[in-house]
file start-v2.cif (mmCIF, N, CA and C atoms, pLDDT in the B column; chains and numbers go by the auth columns)
data_entry
loop_
_atom_site.group_PDB
_atom_site.id
_atom_site.type_symbol
_atom_site.label_atom_id
_atom_site.label_comp_id
_atom_site.label_asym_id
_atom_site.label_seq_id
_atom_site.Cartn_x
_atom_site.Cartn_y
_atom_site.Cartn_z
_atom_site.B_iso_or_equiv
_atom_site.auth_seq_id
_atom_site.auth_asym_id
ATOM 1 N N MET A 1 88.476 -145.304 117.598 58.00 1 V
ATOM 2 C CA MET A 1 87.189 -145.841 117.997 58.00 1 V
ATOM 3 C C MET A 1 86.489 -144.862 118.934 58.00 1 V
ATOM 4 N N GLU A 2 85.246 -144.651 118.682 76.00 2 V
ATOM 5 C CA GLU A 2 84.426 -143.727 119.454 76.00 2 V
ATOM 6 C C GLU A 2 83.949 -144.394 120.745 76.00 2 V
ATOM 7 N N VAL A 3 84.018 -143.671 121.859 84.00 3 V
ATOM 8 C CA VAL A 3 83.559 -144.202 123.145 84.00 3 V
ATOM 9 C C VAL A 3 82.154 -143.674 123.409 84.00 3 V
ATOM 10 N N ILE A 4 81.231 -144.591 123.716 89.00 4 V
ATOM 11 C CA ILE A 4 79.836 -144.248 123.974 89.00 4 V
ATOM 12 C C ILE A 4 79.527 -144.534 125.444 89.00 4 V
ATOM 13 N N GLU A 5 78.815 -143.613 126.068 93.00 5 V
ATOM 14 C CA GLU A 5 78.432 -143.747 127.475 93.00 5 V
ATOM 15 C C GLU A 5 76.912 -143.791 127.552 93.00 5 V
ATOM 16 N N LEU A 6 76.368 -144.594 128.456 94.00 6 V
ATOM 17 C CA LEU A 6 74.928 -144.624 128.687 94.00 6 V
ATOM 18 C C LEU A 6 74.613 -143.672 129.829 94.00 6 V
ATOM 19 N N ARG A 7 73.627 -142.773 129.602 94.00 7 V
ATOM 20 C CA ARG A 7 73.228 -141.809 130.629 94.00 7 V
ATOM 21 C C ARG A 7 71.716 -141.764 130.719 94.00 7 V
ATOM 22 N N GLN A 8 71.222 -141.427 131.907 95.00 8 V
ATOM 23 C CA GLN A 8 69.799 -141.189 132.046 95.00 8 V
ATOM 24 C C GLN A 8 69.480 -139.851 131.386 95.00 8 V
ATOM 25 N N THR A 9 68.271 -139.735 130.866 94.00 9 V
ATOM 26 C CA THR A 9 67.866 -138.522 130.164 94.00 9 V
ATOM 27 C C THR A 9 68.038 -137.292 131.059 94.00 9 V
ATOM 28 N N ARG A 10 67.773 -137.420 132.340 93.00 10 V
ATOM 29 C CA ARG A 10 67.905 -136.272 133.249 93.00 10 V
ATOM 30 C C ARG A 10 69.344 -135.744 133.325 93.00 10 V
ATOM 31 N N GLU A 11 70.329 -136.541 132.902 94.00 11 V
ATOM 32 C CA GLU A 11 71.732 -136.141 132.958 94.00 11 V
ATOM 33 C C GLU A 11 72.235 -135.489 131.672 94.00 11 V
ATOM 34 N N LEU A 12 71.376 -135.406 130.643 95.00 12 V
ATOM 35 C CA LEU A 12 71.796 -134.797 129.378 95.00 12 V
ATOM 36 C C LEU A 12 71.967 -133.294 129.544 95.00 12 V
ATOM 37 N N ARG A 13 72.918 -132.741 128.826 94.00 13 V
ATOM 38 C CA ARG A 13 73.207 -131.313 128.846 94.00 13 V
ATOM 39 C C ARG A 13 73.328 -130.787 127.422 94.00 13 V
ATOM 40 N N VAL A 14 73.118 -129.499 127.246 95.00 14 V
ATOM 41 C CA VAL A 14 73.293 -128.861 125.938 95.00 14 V
ATOM 42 C C VAL A 14 74.736 -129.099 125.500 95.00 14 V
ATOM 43 N N GLY A 15 74.903 -129.503 124.247 93.00 15 V
ATOM 44 C CA GLY A 15 76.231 -129.778 123.704 93.00 15 V
ATOM 45 C C GLY A 15 76.572 -131.257 123.678 93.00 15 V
ATOM 46 N N ASP A 16 75.848 -132.086 124.466 94.00 16 V
ATOM 47 C CA ASP A 16 76.074 -133.532 124.398 94.00 16 V
ATOM 48 C C ASP A 16 75.729 -134.022 123.002 94.00 16 V
ATOM 49 N N VAL A 17 76.401 -135.064 122.555 94.00 17 V
ATOM 50 C CA VAL A 17 76.110 -135.650 121.247 94.00 17 V
ATOM 51 C C VAL A 17 75.531 -137.040 121.462 94.00 17 V
ATOM 52 N N LEU A 18 74.241 -137.186 121.102 95.00 18 V
ATOM 53 C CA LEU A 18 73.561 -138.471 121.206 95.00 18 V
ATOM 54 C C LEU A 18 73.935 -139.324 120.007 95.00 18 V
ATOM 55 N N VAL A 19 74.030 -140.625 120.204 93.00 19 V
ATOM 56 C CA VAL A 19 74.357 -141.546 119.112 93.00 19 V
ATOM 57 C C VAL A 19 73.268 -142.610 119.059 93.00 19 V
ATOM 58 N N SER A 20 72.642 -142.757 117.891 91.00 20 V
ATOM 59 C CA SER A 20 71.578 -143.749 117.739 91.00 20 V
ATOM 60 C C SER A 20 72.165 -145.133 117.510 91.00 20 V
ATOM 61 N N ALA A 21 71.298 -146.142 117.580 88.00 21 V
ATOM 62 C CA ALA A 21 71.730 -147.516 117.330 88.00 21 V
ATOM 63 C C ALA A 21 72.220 -147.671 115.892 88.00 21 V
ATOM 64 N N ALA A 22 71.750 -146.805 114.997 89.00 22 V
ATOM 65 C CA ALA A 22 72.180 -146.831 113.593 89.00 22 V
ATOM 66 C C ALA A 22 73.446 -145.989 113.388 89.00 22 V
ATOM 67 N N ASP A 23 74.062 -145.544 114.494 86.00 23 V
ATOM 68 C CA ASP A 23 75.306 -144.781 114.484 86.00 23 V
ATOM 69 C C ASP A 23 75.171 -143.370 113.913 86.00 23 V
ATOM 70 N N ARG A 24 73.975 -142.800 113.978 91.00 24 V
ATOM 71 C CA ARG A 24 73.792 -141.396 113.592 91.00 24 V
ATOM 72 C C ARG A 24 73.975 -140.532 114.826 91.00 24 V
ATOM 73 N N ALA A 25 74.472 -139.316 114.649 92.00 25 V
ATOM 74 C CA ALA A 25 74.745 -138.423 115.772 92.00 25 V
ATOM 75 C C ALA A 25 73.774 -137.241 115.768 92.00 25 V
ATOM 76 N N TYR A 26 73.411 -136.798 116.966 95.00 26 V
ATOM 77 C CA TYR A 26 72.483 -135.691 117.150 95.00 26 V
ATOM 78 C C TYR A 26 72.991 -134.826 118.297 95.00 26 V
ATOM 79 N N GLU A 27 73.209 -133.539 118.040 95.00 27 V
ATOM 80 C CA GLU A 27 73.715 -132.648 119.082 95.00 27 V
ATOM 81 C C GLU A 27 72.551 -132.037 119.861 95.00 27 V
ATOM 82 N N VAL A 28 72.574 -132.154 121.178 96.00 28 V
ATOM 83 C CA VAL A 28 71.527 -131.624 122.047 96.00 28 V
ATOM 84 C C VAL A 28 71.633 -130.099 122.076 96.00 28 V
ATOM 85 N N THR A 29 70.498 -129.420 121.790 96.00 29 V
ATOM 86 C CA THR A 29 70.487 -127.960 121.791 96.00 29 V
ATOM 87 C C THR A 29 69.690 -127.373 122.954 96.00 29 V
ATOM 88 N N LYS A 30 68.777 -128.186 123.538 97.00 30 V
ATOM 89 C CA LYS A 30 67.983 -127.697 124.664 97.00 30 V
ATOM 90 C C LYS A 30 67.409 -128.891 125.414 97.00 30 V
ATOM 91 N N VAL A 31 67.362 -128.779 126.743 96.00 31 V
ATOM 92 C CA VAL A 31 66.773 -129.806 127.598 96.00 31 V
ATOM 93 C C VAL A 31 65.827 -129.098 128.552 96.00 31 V
ATOM 94 N N ALA A 32 64.562 -129.559 128.634 96.00 32 V
ATOM 95 C CA ALA A 32 63.586 -128.907 129.505 96.00 32 V
ATOM 96 C C ALA A 32 62.653 -129.933 130.132 96.00 32 V
ATOM 97 N N ARG A 33 62.230 -129.663 131.348 94.00 33 V
ATOM 98 C CA ARG A 33 61.239 -130.507 132.017 94.00 33 V
ATOM 99 C C ARG A 33 59.878 -130.210 131.401 94.00 33 V
ATOM 100 N N VAL A 34 59.116 -131.271 131.130 94.00 34 V
ATOM 101 C CA VAL A 34 57.765 -131.133 130.591 94.00 34 V
ATOM 102 C C VAL A 34 56.895 -132.109 131.377 94.00 34 V
ATOM 103 N N GLY A 35 56.128 -131.582 132.308 92.00 35 V
ATOM 104 C CA GLY A 35 55.334 -132.461 133.168 92.00 35 V
ATOM 105 C C GLY A 35 56.268 -133.383 133.938 92.00 35 V
ATOM 106 N N ARG A 36 56.050 -134.697 133.810 92.00 36 V
ATOM 107 C CA ARG A 36 56.912 -135.667 134.494 92.00 36 V
ATOM 108 C C ARG A 36 58.052 -136.139 133.608 92.00 36 V
ATOM 109 N N GLY A 37 58.091 -135.666 132.367 95.00 37 V
ATOM 110 C CA GLY A 37 59.131 -136.087 131.432 95.00 37 V
ATOM 111 C C GLY A 37 60.152 -135.002 131.157 95.00 37 V
ATOM 112 N N ILE A 38 61.034 -135.305 130.218 96.00 38 V
ATOM 113 C CA ILE A 38 62.064 -134.357 129.803 96.00 38 V
ATOM 114 C C ILE A 38 62.043 -134.266 128.280 96.00 38 V
ATOM 115 N N ARG A 39 61.952 -133.034 127.760 97.00 39 V
ATOM 116 C CA ARG A 39 61.979 -132.823 126.314 97.00 39 V
ATOM 117 C C ARG A 39 63.395 -132.457 125.915 97.00 39 V
ATOM 118 N N VAL A 40 63.904 -133.180 124.925 97.00 40 V
ATOM 119 C CA VAL A 40 65.253 -132.952 124.419 97.00 40 V
ATOM 120 C C VAL A 40 65.151 -132.468 122.982 97.00 40 V
ATOM 121 N N GLN A 41 65.698 -131.295 122.707 98.00 41 V
ATOM 122 C CA GLN A 41 65.746 -130.777 121.351 98.00 41 V
ATOM 123 C C GLN A 41 67.152 -130.995 120.829 98.00 41 V
ATOM 124 N N TYR A 42 67.261 -131.311 119.532 97.00 42 V
ATOM 125 C CA TYR A 42 68.559 -131.639 118.948 97.00 42 V
ATOM 126 C C TYR A 42 68.634 -131.153 117.518 97.00 42 V
ATOM 127 N N VAL A 43 69.842 -131.198 116.968 97.00 43 V
ATOM 128 C CA VAL A 43 70.070 -130.857 115.566 97.00 43 V
ATOM 129 C C VAL A 43 70.912 -131.976 114.947 97.00 43 V
ATOM 130 N N THR A 44 70.601 -132.313 113.698 94.00 44 V
ATOM 131 C CA THR A 44 71.350 -133.353 112.982 94.00 44 V
ATOM 132 C C THR A 44 72.552 -132.726 112.294 94.00 44 V
ATOM 133 N N PRO A 45 73.492 -133.537 111.812 90.00 45 V
ATOM 134 C CA PRO A 45 74.648 -132.981 111.090 90.00 45 V
ATOM 135 C C PRO A 45 74.230 -132.177 109.846 90.00 45 V
ATOM 136 N N GLU A 46 73.057 -132.505 109.290 93.00 46 V
ATOM 137 C CA GLU A 46 72.569 -131.782 108.107 93.00 46 V
ATOM 138 C C GLU A 46 71.888 -130.474 108.480 93.00 46 V
ATOM 139 N N GLY A 47 71.740 -130.198 109.790 94.00 47 V
ATOM 140 C CA GLY A 47 71.124 -128.953 110.238 94.00 47 V
ATOM 141 C C GLY A 47 69.637 -129.043 110.510 94.00 47 V
ATOM 142 N N HIS A 48 69.052 -130.236 110.458 96.00 48 V
ATOM 143 C CA HIS A 48 67.625 -130.412 110.726 96.00 48 V
ATOM 144 C C HIS A 48 67.388 -130.513 112.228 96.00 48 V
ATOM 145 N N ALA A 49 66.392 -129.765 112.704 97.00 49 V
ATOM 146 C CA ALA A 49 66.065 -129.786 114.128 97.00 49 V
ATOM 147 C C ALA A 49 65.028 -130.876 114.400 97.00 49 V
ATOM 148 N N GLY A 50 65.055 -131.391 115.608 97.00 50 V
ATOM 149 C CA GLY A 50 64.090 -132.390 116.028 97.00 50 V
ATOM 150 C C GLY A 50 63.978 -132.380 117.536 97.00 50 V
ATOM 151 N N ARG A 51 63.062 -133.194 118.057 97.00 51 V
ATOM 152 C CA ARG A 51 62.919 -133.284 119.496 97.00 51 V
ATOM 153 C C ARG A 51 62.272 -134.600 119.878 97.00 51 V
ATOM 154 N N PHE A 52 62.475 -134.988 121.119 96.00 52 V
ATOM 155 C CA PHE A 52 61.781 -136.140 121.671 96.00 52 V
ATOM 156 C C PHE A 52 61.552 -135.889 123.153 96.00 52 V
ATOM 157 N N THR A 53 60.561 -136.582 123.692 96.00 53 V
ATOM 158 C CA THR A 53 60.260 -136.491 125.118 96.00 53 V
ATOM 159 C C THR A 53 60.456 -137.872 125.711 96.00 53 V
ATOM 160 N N ALA A 54 61.124 -137.936 126.848 96.00 54 V
ATOM 161 C CA ALA A 54 61.416 -139.223 127.479 96.00 54 V
ATOM 162 C C ALA A 54 61.249 -139.115 128.990 96.00 54 V
ATOM 163 N N ALA A 55 61.124 -140.261 129.615 96.00 55 V
ATOM 164 C CA ALA A 55 61.102 -140.311 131.078 96.00 55 V
ATOM 165 C C ALA A 55 62.494 -139.937 131.590 96.00 55 V
ATOM 166 N N PRO A 56 62.574 -139.314 132.765 94.00 56 V
ATOM 167 C CA PRO A 56 63.881 -138.931 133.303 94.00 56 V
ATOM 168 C C PRO A 56 64.830 -140.120 133.473 94.00 56 V
ATOM 169 N N GLU A 57 64.274 -141.323 133.701 95.00 57 V
ATOM 170 C CA GLU A 57 65.092 -142.515 133.909 95.00 57 V
ATOM 171 C C GLU A 57 65.482 -143.211 132.608 95.00 57 V
ATOM 172 N N ALA A 58 64.935 -142.760 131.481 96.00 58 V
ATOM 173 C CA ALA A 58 65.255 -143.385 130.189 96.00 58 V
ATOM 174 C C ALA A 58 66.751 -143.279 129.930 96.00 58 V
ATOM 175 N N ILE A 59 67.281 -144.239 129.195 95.00 59 V
ATOM 176 C CA ILE A 59 68.714 -144.284 128.916 95.00 59 V
ATOM 177 C C ILE A 59 69.009 -143.767 127.505 95.00 59 V
ATOM 178 N N SER A 60 70.030 -142.926 127.390 94.00 60 V
ATOM 179 C CA SER A 60 70.473 -142.393 126.103 94.00 60 V
ATOM 180 C C SER A 60 71.937 -142.741 125.891 94.00 60 V
ATOM 181 N N ARG A 61 72.312 -142.934 124.637 94.00 61 V
ATOM 182 C CA ARG A 61 73.718 -143.198 124.280 94.00 61 V
ATOM 183 C C ARG A 61 74.362 -141.861 123.935 94.00 61 V
ATOM 184 N N VAL A 62 75.448 -141.521 124.635 95.00 62 V
ATOM 185 C CA VAL A 62 76.097 -140.218 124.474 95.00 62 V
ATOM 186 C C VAL A 62 77.572 -140.416 124.138 95.00 62 V
ATOM 187 N N ARG A 63 78.060 -139.677 123.139 91.00 63 V
ATOM 188 C CA ARG A 63 79.481 -139.717 122.787 91.00 63 V
ATOM 189 C C ARG A 63 80.278 -139.094 123.919 91.00 63 V
ATOM 190 N N VAL A 64 81.235 -139.813 124.440 85.00 64 V
ATOM 191 C CA VAL A 64 82.052 -139.333 125.558 85.00 64 V
ATOM 192 C C VAL A 64 82.922 -138.177 125.075 85.00 64 V
ATOM 193 N N GLY A 65 83.017 -137.174 125.919 72.00 65 V
ATOM 194 C CA GLY A 65 83.808 -135.993 125.583 72.00 65 V
ATOM 195 C C GLY A 65 82.950 -134.920 124.948 72.00 65 V
ATOM 196 N N GLY A 66 81.707 -135.236 124.584 53.00 66 V
ATOM 197 C CA GLY A 66 80.812 -134.255 124.015 53.00 66 V
ATOM 198 C C GLY A 66 81.353 -133.554 122.792 53.00 66 V
ATOM 199 N N VAL A 67 82.059 -134.290 121.925 58.00 67 V
ATOM 200 C CA VAL A 67 82.635 -133.710 120.714 58.00 67 V
ATOM 201 C C VAL A 67 81.494 -133.185 119.845 58.00 67 V
ATOM 202 N N PRO A 68 81.442 -131.873 119.563 58.00 68 V
ATOM 203 C CA PRO A 68 80.371 -131.319 118.731 58.00 68 V
ATOM 204 C C PRO A 68 80.374 -131.922 117.334 58.00 68 V
ATOM 205 N N LEU A 69 79.217 -131.904 116.690 59.00 69 V
ATOM 206 C CA LEU A 69 79.092 -132.483 115.353 59.00 69 V
ATOM 207 C C LEU A 69 80.039 -131.829 114.364 59.00 69 V
ATOM 208 N N ALA A 70 80.259 -130.537 114.501 54.00 70 V
ATOM 209 C CA ALA A 70 81.125 -129.828 113.560 54.00 70 V
ATOM 210 C C ALA A 70 82.565 -130.354 113.633 54.00 70 V
ATOM 211 N N ALA A 71 82.956 -130.871 114.795 51.00 71 V
ATOM 212 C CA ALA A 71 84.324 -131.364 114.962 51.00 71 V
ATOM 213 C C ALA A 71 84.434 -132.861 114.745 51.00 71 V
ATOM 214 N N ALA A 72 83.307 -133.544 114.689 51.00 72 V
ATOM 215 C CA ALA A 72 83.336 -135.016 114.562 51.00 72 V
ATOM 216 C C ALA A 72 83.591 -135.473 113.153 51.00 72 V
#
call {"tool": "encode", "arguments": {"input": "start-v2.cif", "output": "structure tokens"}}
result
Amino acid sequence: MEVIELRQTRELRVGDVLVSAADRAYEVTKVARVGRGIRVQYVTPEGHAGRFTAAPEAISRVRVGGVPLAAA
């Protein structure tokens, strides 16, 4: 069973694996401050890049241990 941790967006780091409510995984590739928010860039298991911007206090679901997608 996979362990999921809730973290504020400001605590995300490159290599963390985000898990959506639909149980899809996204590996964080870059985190940057943008104005008052934080932009998170990620890659899907299929290799597609994406990004989202969130408030620093927003909550994200992160796979504990930061197991990369290639190893999951």
call {"tool": "resolve_selection", "arguments": {"input": "start-v2.cif", "expression": "the PyMOL selection byres ((chain V and resi 9) around 6.5)", "output": "list in words"}}
result
Arg7, Gln8, Arg10, Glu11, Leu12, Ala55, Pro56, Glu57, Ala58, Ile59 and Ser60 of chain V
call {"tool": "atom_distance", "arguments": {"input": "start-v2.cif", "atom1": "atom N of Ala54 (chain V)", "atom2": "atom C of Gly37 (chain V)"}}
result
5.3 Å
call {"tool": "resolve_selection", "arguments": {"input": "start-v2.cif", "expression": "the PyMOL selection byres (((chain V and resi 62 and name CA) around 8) and name CA)", "output": "list in words"}}
result
Ile4, Glu5, Leu6, Arg7, Asp16, Val17, Leu18, Val19, Ser60, Arg61, Arg63, Val64 and Gly66 of chain V
call {"tool": "closest_residue", "arguments": {"input": "start-v2.cif", "among": "V:Arg13, V:Arg24, V:Gly65, V:Lys30", "to": "Glu46 (chain V)", "atoms": "only C-alpha atoms"}}
result
V:Arg24
call {"tool": "axis_aligned_box", "arguments": {"input": "start-v2.cif", "around": "region 17-22 of chain V", "padding_each_side": "4 Å", "output": "AutoDock Vina command-line options"}}
result
--center_x 73.8 --center_y -141.4 --center_z 118.0 --size_x 13.1 --size_y 20.6 --size_z 17.2
call {"tool": "atom_distance", "arguments": {"input": "start-v2.cif", "atom1": "CA of Glu2 (chain V)", "atom2": "CA of Gly15 (chain V)"}}
result
16.7 Å
call {"tool": "atom_distance", "arguments": {"input": "start-v2.cif", "atom1": "atom C of Thr44 (chain V)", "atom2": "CA of Ala32 (chain V)"}}
result
19.8 Å
call {"tool": "residues_around", "arguments": {"input": "start-v2.cif", "residues": "Val43 (chain V)", "least_positions_apart": "2", "cutoff": "7 Å", "atoms": "only N, CA and C atoms", "output": "list in words"}}
result
Ala25, Tyr26, Glu27, Val28, Thr29, Gln41, Pro45, Glu46, Gly47, His48, Ala49 and Gly50 of chain V
call {"tool": "resolve_selection", "arguments": {"input": "start-v2.cif", "expression": "the PyMOL selection byres (((chain V and resi 53 and name CA) around 6) and name CA)", "output": "VMD selection string"}}
result
chain V and resid 38 to 39 52 54
